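A.B. asks: Handing you this structure, nothing more for now.
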Amino acid sequence: MSLVSSSIEGVREANFRFRCIACHDLRDAAGQDFRCEKCGDLLEIHYPDWKDSKPDAGQLKSSWKDRRLSSNPVDLSGVWRFRDLLPTVEDKDVITLREGNTPLYELPQCARITGVPRLFAKHQGMNPTGSFKDGGMTVAATFARRAGFRWVACASTGNTSASMAAYAARGGMRSLVLVPDGKISWSKLSQALDYGAVTCQLRTDFDGCLRLLQELVRQAPVYQLNSINPFRLEGQKTLAIELLEQLDWQPPDHIIVPGGNLGNSSAIGKALLELRELGLISSLPKLSVIQAEGANALVRTLREAGGKRLISVTAETRATAIRIGNPASWKKAAHVLETTGGACEQVSEFEIAKAKAEIGAEGIGCEPASAVTLAGLKKLVQQGFVKNDETVVLVLTGNLLKDPDFTIGFHRGDMSGSIQEAEAVASLRHPPIVLDASLDAVIRTLERFN
Ligand code: F0G
């Protein structure tokens, strides 16, 4: 099995090592499955130098600010601008599409709906391929090429594959995509095709695709770019760094994120802990994870097994991005929830669809999986976990255009369930109107809506 090494031969000493999240064994190299050789648990990237010489918080803040005025491609990336907290690599080796630099929007209408006036959305759907995956992919693809791999591969519910295919293409590598047949949106599939991936639609679900990928990387010289790959999580960490910078280093009280394979919540949590360790922030936001009721493995794992062992589920939800029943990073996410004091909730299909339309009505929009955050916030407010004088940031993980079938179905009314549900979303639905091509018909329609 080929090893992925932390050292950069002949250039400079690496600034990181691979550390097991369970037994804390430290290594310079990791196997292709990114699992601990001693106990088999997941690996994370660890920066041993921080023990004796931590980067200076003030200096970091000012050099990150200065880099915004630079025209160097690595400074123009909203991920590599924060490279002091990432594994080191030569600038010339970086594969970037100018990812990151995503907006932080206020959500005034959703604030009124939830009764939380200071409500923001960090919109990761504004990344180059339309999802938060780009933040992690720029780092992991860079290290894949640096390690000499010709092929990269992933299992995906769609966004990872779109992102991986794009970064592989930019970096001159081939990519292999394993997706569940019929269970990912056409938009995401079309991205992978256009970026030149070898795309296999497997007759199984995401969990089946991921299992197969694990076997494949043990046998073939293919570099896996799922979020088991700890370089992915390092890149995704920068979402939280950029967010804190946008808030002038005043931590919000809550960050709310959707949970699927649980890589993103793990990455954001790692960032928050590191920012506190380095003195960039003094308090930790509570990081909460929201899942779809039909794909609620973490919810059940925490409620029914006290977070001690994973309870897998057979996943079913129309929010196909998070249709995942056996999340790989559940232990990392459980740790983050415990450390930051966050909550874990589940929301119904109806609640997701309604919340998605409410975010759309702000002129922002997102894909269904992202909308679980607003739906979850409503529950957390009802439970008194989120107070109305607190600041809340929802992480919107994917762009509205990622799943047009869902959106059109909602507005046409294909998805309404009971009469009460249909009534509850009536004012949010804006179905297209088919008319004769006459001025009179258009004017009468205008009057009807006046
Ligand atoms: N939101 C979107 C839009 C996603 O695509 C995903 C995961 C998540 C949330 C959940 O994030 O897995 O880090 O907990 N998408 C995967 C994929 C797994 O293959 O694109 P997570």
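Note on naming: chains are A, B, ... as they come in the structure tokens, residues start from 1 per chain, ligands start from 1 in the order shown.
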Per residue of region 253-280 of chain A within 10 Å of region 230-247 of chain A, which atom pair is closest and at what distance in Å (one decimal), using only C-alpha atoms, listed by chain and increasing number, as a tab-separated table?
C.D. replies:
residue	atom	partner	partner_atom	distance
A:Ile255	CA	A:Ala240	CA	9.3
A:Gly263	CA	A:Leu233	CA	6.6
A:Asn264	CA	A:Gln236	CA	6.7
A:Ser265	CA	A:Leu233	CA	9.3
A:Ser266	CA	A:Leu233	CA	7.4
A:Ala267	CA	A:Leu233	CA	4.8
A:Ile268	CA	A:Lys237	CA	5.2
A:Gly269	CA	A:Lys237	CA	8.0
A:Lys270	CA	A:Lys237	CA	6.9
A:Ala271	CA	A:Lys237	CA	5.0
A:Leu272	CA	A:Ala240	CA	7.0
A:Glu274	CA	A:Lys237	CA	9.6
A:Leu275	CA	A:Ile241	CA	7.7
A:Leu280	CA	A:Leu244	CA	9.0
A.B. asks: Give me a file of those residues, with all heavy atoms, as a short mmCIF file (atom, residue, chain, number, x, y, z; two decimals), in the first residue's frame.
C.D. replies:
data_model
loop_
_atom_site.label_atom_id
_atom_site.label_comp_id
_atom_site.auth_asym_id
_atom_site.auth_seq_id
_atom_site.Cartn_x
_atom_site.Cartn_y
_atom_site.Cartn_z
N ILE A 255 -23.08 28.18 16.09
CA ILE A 255 -22.90 27.87 14.67
C ILE A 255 -23.69 26.59 14.42
O ILE A 255 -23.58 25.62 15.19
CB ILE A 255 -21.41 27.65 14.31
CG1 ILE A 255 -20.59 28.93 14.60
CG2 ILE A 255 -21.25 27.26 12.84
CD1 ILE A 255 -19.10 28.79 14.37
N GLY A 263 -18.00 15.16 8.24
CA GLY A 263 -16.67 15.75 8.08
C GLY A 263 -16.67 17.24 8.35
O GLY A 263 -15.77 17.77 9.01
N ASN A 264 -17.71 17.93 7.88
CA ASN A 264 -17.70 19.39 7.99
C ASN A 264 -17.83 19.85 9.43
O ASN A 264 -17.12 20.75 9.86
CB ASN A 264 -18.84 19.98 7.15
CG ASN A 264 -18.56 21.39 6.70
OD1 ASN A 264 -17.38 21.77 6.53
ND2 ASN A 264 -19.58 22.20 6.54
N SER A 265 -18.73 19.22 10.19
CA SER A 265 -18.85 19.60 11.60
C SER A 265 -17.53 19.33 12.33
O SER A 265 -17.08 20.13 13.16
CB SER A 265 -20.01 18.86 12.26
OG SER A 265 -20.13 17.56 11.76
N SER A 266 -16.88 18.21 11.98
CA SER A 266 -15.59 17.89 12.61
C SER A 266 -14.56 18.97 12.27
O SER A 266 -13.78 19.40 13.14
CB SER A 266 -15.06 16.55 12.10
OG SER A 266 -16.03 15.55 12.29
N ALA A 267 -14.55 19.41 11.00
CA ALA A 267 -13.55 20.40 10.56
C ALA A 267 -13.79 21.74 11.25
O ALA A 267 -12.84 22.38 11.73
CB ALA A 267 -13.63 20.57 9.05
N ILE A 268 -15.04 22.17 11.31
CA ILE A 268 -15.34 23.47 11.94
C ILE A 268 -14.98 23.41 13.42
O ILE A 268 -14.40 24.33 13.97
CB ILE A 268 -16.84 23.83 11.74
CG1 ILE A 268 -17.14 24.01 10.26
CG2 ILE A 268 -17.19 25.10 12.51
CD1 ILE A 268 -18.62 24.15 9.93
N GLY A 269 -15.31 22.29 14.05
CA GLY A 269 -14.98 22.13 15.46
C GLY A 269 -13.48 22.17 15.70
O GLY A 269 -12.99 22.82 16.63
N LYS A 270 -12.71 21.51 14.83
CA LYS A 270 -11.24 21.51 14.96
C LYS A 270 -10.73 22.95 14.84
O LYS A 270 -9.87 23.39 15.61
CB LYS A 270 -10.62 20.61 13.89
CG LYS A 270 -9.10 20.42 14.03
CD LYS A 270 -8.61 19.33 13.08
CE LYS A 270 -7.17 18.90 13.36
NZ LYS A 270 -6.14 19.75 12.77
N ALA A 271 -11.29 23.70 13.88
CA ALA A 271 -10.86 25.09 13.70
C ALA A 271 -11.13 25.90 14.96
O ALA A 271 -10.27 26.65 15.43
CB ALA A 271 -11.61 25.71 12.52
N LEU A 272 -12.32 25.74 15.53
CA LEU A 272 -12.67 26.54 16.71
C LEU A 272 -11.73 26.24 17.87
O LEU A 272 -11.24 27.15 18.55
CB LEU A 272 -14.12 26.27 17.13
CG LEU A 272 -15.20 26.67 16.11
CD1 LEU A 272 -16.58 26.24 16.58
CD2 LEU A 272 -15.17 28.17 15.84
N GLU A 274 -8.67 25.09 17.66
CA GLU A 274 -7.33 25.61 17.35
C GLU A 274 -7.30 27.13 17.51
O GLU A 274 -6.32 27.69 18.01
CB GLU A 274 -6.92 25.19 15.93
CG GLU A 274 -6.62 23.69 15.86
CD GLU A 274 -6.21 23.20 14.47
OE1 GLU A 274 -6.15 24.00 13.52
OE2 GLU A 274 -5.94 22.00 14.35
N LEU A 275 -8.35 27.81 17.07
CA LEU A 275 -8.37 29.28 17.19
C LEU A 275 -8.33 29.69 18.67
O LEU A 275 -7.68 30.66 19.03
CB LEU A 275 -9.63 29.86 16.53
CG LEU A 275 -9.70 29.75 14.99
CD1 LEU A 275 -11.03 30.28 14.48
CD2 LEU A 275 -8.55 30.51 14.32
N LEU A 280 -6.75 33.32 19.21
CA LEU A 280 -7.46 34.17 18.24
C LEU A 280 -8.89 34.46 18.67
O LEU A 280 -9.48 35.46 18.28
CB LEU A 280 -7.44 33.53 16.85
CG LEU A 280 -6.07 33.65 16.17
CD1 LEU A 280 -5.62 32.34 15.58
CD2 LEU A 280 -6.11 34.71 15.09
#
A.B. asks: List the neighbours of Gly279 (chain A) out to 9 Å using only C-alpha atoms; skip same-chain residues closer than 3 positions along the sequence, and give me the result as a list of chain:residue names.
C.D. replies: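 Listing them by chain and then by number gives A:Asp56, A:Ala57, A:Gly58, A:Glu274, A:Leu275, A:Arg276, A:Ser282.
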A.B. asks: Would you tabulate, counting only C-alpha atoms and all ligand atoms, all residues of chain A that have an atom at most 6 Å from an atom of ligand 1, showing the closest pair of atoms and their distance in Å to one decimal, sorted by chain then ascending number, as a tab-separated table?
C.D. replies:
residue	atom	partner	partner_atom_place_in_ligand_line	distance
A:Ser156	CA	ligand 1	19 (O)	3.1
A:Thr157	CA	ligand 1	19 (O)	3.9
A:Gly158	CA	ligand 1	20 (O)	4.5
A:Asn159	CA	ligand 1	20 (O)	3.5
A:Thr160	CA	ligand 1	20 (O)	3.8
A:Pro258	CA	ligand 1	9 (C)	5.1
A:Gly259	CA	ligand 1	14 (O)	3.9
A:Gly260	CA	ligand 1	14 (O)	3.5
A:Asn261	CA	ligand 1	12 (O)	3.4
A:Leu262	CA	ligand 1	14 (O)	3.2
A:Gly263	CA	ligand 1	13 (O)	3.6
A:Asn264	CA	ligand 1	13 (O)	3.7
A:Ala321	CA	ligand 1	5 (O)	4.4
A:Ile322	CA	ligand 1	8 (C)	5.3
A:Ala369	CA	ligand 1	1 (N)	4.9
A:Ser370	CA	ligand 1	1 (N)	5.3
A:Thr397	CA	ligand 1	3 (C)	4.6
A:Gly398	CA	ligand 1	3 (C)	4.2
A.B. asks: Give the answer as one residue: which of A:Val198, A:Leu287, A:Ile419, A:Val393 has the shortest atom-to-atom distance to Pro117 (chain A), using only C-alpha atoms?
C.D. replies: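 Using only C-alpha atoms, the shortest distance to Pro117 (chain A) belongs to A:Val393.
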A.B. asks: Taking only C-alpha atoms into account, name the residue in A:Met173, A:Cys209, A:Leu374, A:Ala305 that is nearest to Ile324 (chain A).
C.D. replies: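 Counting only C-alpha atoms, the residue closest to Ile324 (chain A) is A:Cys209.
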A.B. asks: Excluding Arg412 (chain A) and its own-chain neighbours fewer than 6 positions away, which residues fall within 12 Å of it when counting only C-alpha atoms? Please give them as an MDAnalysis selection string.
C.D. replies: chainID A and resid 405:406 422 425:426 428:433
A.B. asks: Point out the residue among A:Gly100, A:Gly413, A:Gly341, A:Gly40 with the least atom-to-atom distance to Gly135 (chain A), counting only C-alpha atoms.
C.D. replies: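 Ranking A:Gly100, A:Gly413, A:Gly341, A:Gly40 by distance to Gly135 (chain A), first place goes to A:Gly100.
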A.B. asks: Between A:Gly325, A:Pro103, A:Pro252, A:Gly182, which has the minimum distance to Gln201 (chain A) (counting only C-alpha atoms)?
C.D. replies: A:Gly182
A.B. asks: When you count only C-alpha atoms, which of these residues is closest to Ser187 (chain A): A:Gly363, A:Gly130, A:Gly115, A:Gly342?
C.D. replies: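 Looking at the shortest contact to Ser187 (chain A), the residue is A:Gly130.
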A.B. asks: With only C-alpha atoms as the atoms that count, which of A:Leu298, A:Leu202, A:Ala162, A:Ala168 lies nearest to Asp181 (chain A)?
C.D. replies: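 Result for the nearest residue to Asp181 (chain A): A:Leu202.
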A.B. asks: Taking the DSSP secondary structure from the backbone, can you list the residues of region 51-223 of chain A that are strand (DSSP E or B), as JSON, numbers by chain?
C.D. replies: {"A": [104, 105, 106, 118, 119, 120, 121, 122, 123, 131, 151, 152, 153, 154, 155, 174, 175, 176, 177, 178, 179, 180, 198, 199, 200, 201, 202, 222, 223]}
A.B. asks: Would you compute the distance between CA of Glu106 (chain A) and CA of Ser427 (chain A)? Give it in Å to one decimal.
C.D. replies: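 If I compute the distance from CA of Glu106 (chain A) to CA of Ser427 (chain A), I get 22.0 Å.
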A.B. asks: For Leu302 (chain A), work out the shell of residues within 12 Å, counting only C-alpha atoms and skipping chain neighbours fewer than 3 positions away, then give it as number ranges by chain.
C.D. replies: A: 289, 296-299, 305-312, 330-331, 333-335, 337-338, 342-346
A.B. asks: Next, write the just-selected residues to a file, as a short mmCIF file (atom, residue, chain, number, x, y, z; two decimals), in the first residue's frame, keeping N, CA and C atoms as the atom set.
C.D. replies:
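Wrote result26.cif, looks like this:
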data_model
loop_
_atom_site.label_atom_id
_atom_site.label_comp_id
_atom_site.auth_asym_id
_atom_site.auth_seq_id
_atom_site.Cartn_x
_atom_site.Cartn_y
_atom_site.Cartn_z
N VAL A 289 -25.30 20.30 15.26
CA VAL A 289 -25.44 19.54 14.01
C VAL A 289 -26.90 19.16 13.82
N ASN A 296 -30.64 9.97 10.41
CA ASN A 296 -30.34 10.56 11.72
C ASN A 296 -29.36 9.75 12.56
N ALA A 297 -28.33 9.22 11.94
CA ALA A 297 -27.41 8.33 12.67
C ALA A 297 -26.78 9.02 13.88
N LEU A 298 -26.37 10.26 13.74
CA LEU A 298 -25.70 10.91 14.88
C LEU A 298 -26.70 11.21 16.00
N VAL A 299 -27.90 11.63 15.62
CA VAL A 299 -28.94 11.90 16.62
C VAL A 299 -29.16 10.64 17.46
N ALA A 305 -27.10 5.78 22.45
CA ALA A 305 -25.87 5.07 22.83
C ALA A 305 -24.89 6.01 23.54
N GLY A 306 -25.40 7.18 23.96
CA GLY A 306 -24.56 8.12 24.70
C GLY A 306 -23.30 8.51 23.95
N GLY A 307 -23.31 8.39 22.63
CA GLY A 307 -22.14 8.76 21.83
C GLY A 307 -21.01 7.74 21.91
N LYS A 308 -21.28 6.57 22.47
CA LYS A 308 -20.21 5.58 22.68
C LYS A 308 -19.98 4.67 21.48
N ARG A 309 -21.07 4.35 20.77
CA ARG A 309 -20.91 3.52 19.55
C ARG A 309 -21.89 4.03 18.50
N LEU A 310 -21.51 3.83 17.24
CA LEU A 310 -22.34 4.36 16.16
C LEU A 310 -23.59 3.51 15.97
N ILE A 311 -24.74 4.18 15.90
CA ILE A 311 -25.96 3.49 15.48
C ILE A 311 -26.20 3.89 14.02
N SER A 312 -25.96 2.95 13.12
CA SER A 312 -26.17 3.23 11.69
C SER A 312 -27.65 3.14 11.37
N TRP A 330 -18.23 10.13 12.63
CA TRP A 330 -19.15 10.34 13.75
C TRP A 330 -18.42 10.59 15.07
N LYS A 331 -17.26 9.94 15.26
CA LYS A 331 -16.55 10.11 16.53
C LYS A 331 -15.98 11.51 16.66
N ALA A 333 -17.16 14.16 15.21
CA ALA A 333 -18.28 15.10 15.39
C ALA A 333 -18.83 15.02 16.82
N ALA A 334 -18.94 13.81 17.35
CA ALA A 334 -19.45 13.66 18.73
C ALA A 334 -18.53 14.39 19.70
N HIS A 335 -17.22 14.32 19.45
CA HIS A 335 -16.24 14.99 20.31
C HIS A 335 -16.43 16.51 20.25
N LEU A 337 -19.14 18.19 19.42
CA LEU A 337 -20.39 18.59 20.07
C LEU A 337 -20.21 18.64 21.58
N GLU A 338 -19.52 17.65 22.09
CA GLU A 338 -19.32 17.59 23.54
C GLU A 338 -18.44 18.77 23.99
N GLY A 342 -22.54 21.88 21.97
CA GLY A 342 -23.57 22.02 20.94
C GLY A 342 -24.65 20.96 21.06
N ALA A 343 -25.71 21.13 20.26
CA ALA A 343 -26.84 20.20 20.28
C ALA A 343 -26.88 19.41 18.97
N CYS A 344 -27.67 18.35 18.99
CA CYS A 344 -27.85 17.56 17.77
C CYS A 344 -29.35 17.34 17.61
N GLU A 345 -29.91 17.76 16.49
CA GLU A 345 -31.36 17.66 16.29
C GLU A 345 -31.67 17.05 14.93
N GLN A 346 -32.92 16.66 14.77
CA GLN A 346 -33.37 16.13 13.49
C GLN A 346 -34.61 16.90 13.04
#
A.B. asks: So the first atom is CA of Pro368 (chain A) and the second is CA of Ile352 (chain A); what is the distance between them in Å, to one decimal place?
C.D. replies: 6.5 Å
A.B. asks: Determine which residues of region 189-332 of chain A receive a DSSP assignment of helix (DSSP H, G or I), computed from the backbone, and state them as a ChimeraX atom specification.
C.D. replies: /A:189-194,206-219,230-246,263-277,293-295,297-305,320-322,330-332
A.B. asks: Within 12 Å of Ser190 (chain A), counting only C-alpha atoms, which residues show up once you throw out same-chain ones fewer than 5 positions away? Write them as a PDB file with C-alpha atoms, in the first residue's frame, please.
C.D. replies:
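Saved result, selection33.pdb, follows:
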ATOM      1  CA  THR A 129     -18.253  24.431  -7.740  1.00  0.00           C
ATOM      2  CA  GLY A 158     -22.850  14.603  -5.501  1.00  0.00           C
ATOM      3  CA  ASN A 159     -21.036  17.651  -4.169  1.00  0.00           C
ATOM      4  CA  SER A 161     -17.639  14.382  -6.734  1.00  0.00           C
ATOM      5  CA  ALA A 162     -18.289  17.716  -8.463  1.00  0.00           C
ATOM      6  CA  SER A 163     -15.574  19.397  -6.438  1.00  0.00           C
ATOM      7  CA  ALA A 165     -13.524  16.330 -10.489  1.00  0.00           C
ATOM      8  CA  ALA A 166     -12.906  20.069 -10.869  1.00  0.00           C
ATOM      9  CA  ILE A 184     -27.983  12.320  -6.700  1.00  0.00           C
ATOM     10  CA  SER A 185     -29.165  15.453  -8.434  1.00  0.00           C
ATOM     11  CA  TYR A 195     -14.954  18.148 -15.479  1.00  0.00           C
ATOM     12  CA  GLY A 196     -13.967  14.838 -17.025  1.00  0.00           C
ATOM     13  CA  ALA A 197     -14.396  12.349 -14.190  1.00  0.00           C
ATOM     14  CA  VAL A 198     -14.857   8.637 -14.843  1.00  0.00           C
ATOM     15  CA  THR A 199     -18.297   8.491 -13.243  1.00  0.00           C
ATOM     16  CA  LYS A 402     -27.511  22.256  -7.062  1.00  0.00           C
ATOM     17  CA  ASP A 403     -30.960  20.672  -6.880  1.00  0.00           C
TER      18      ASP A 403
END
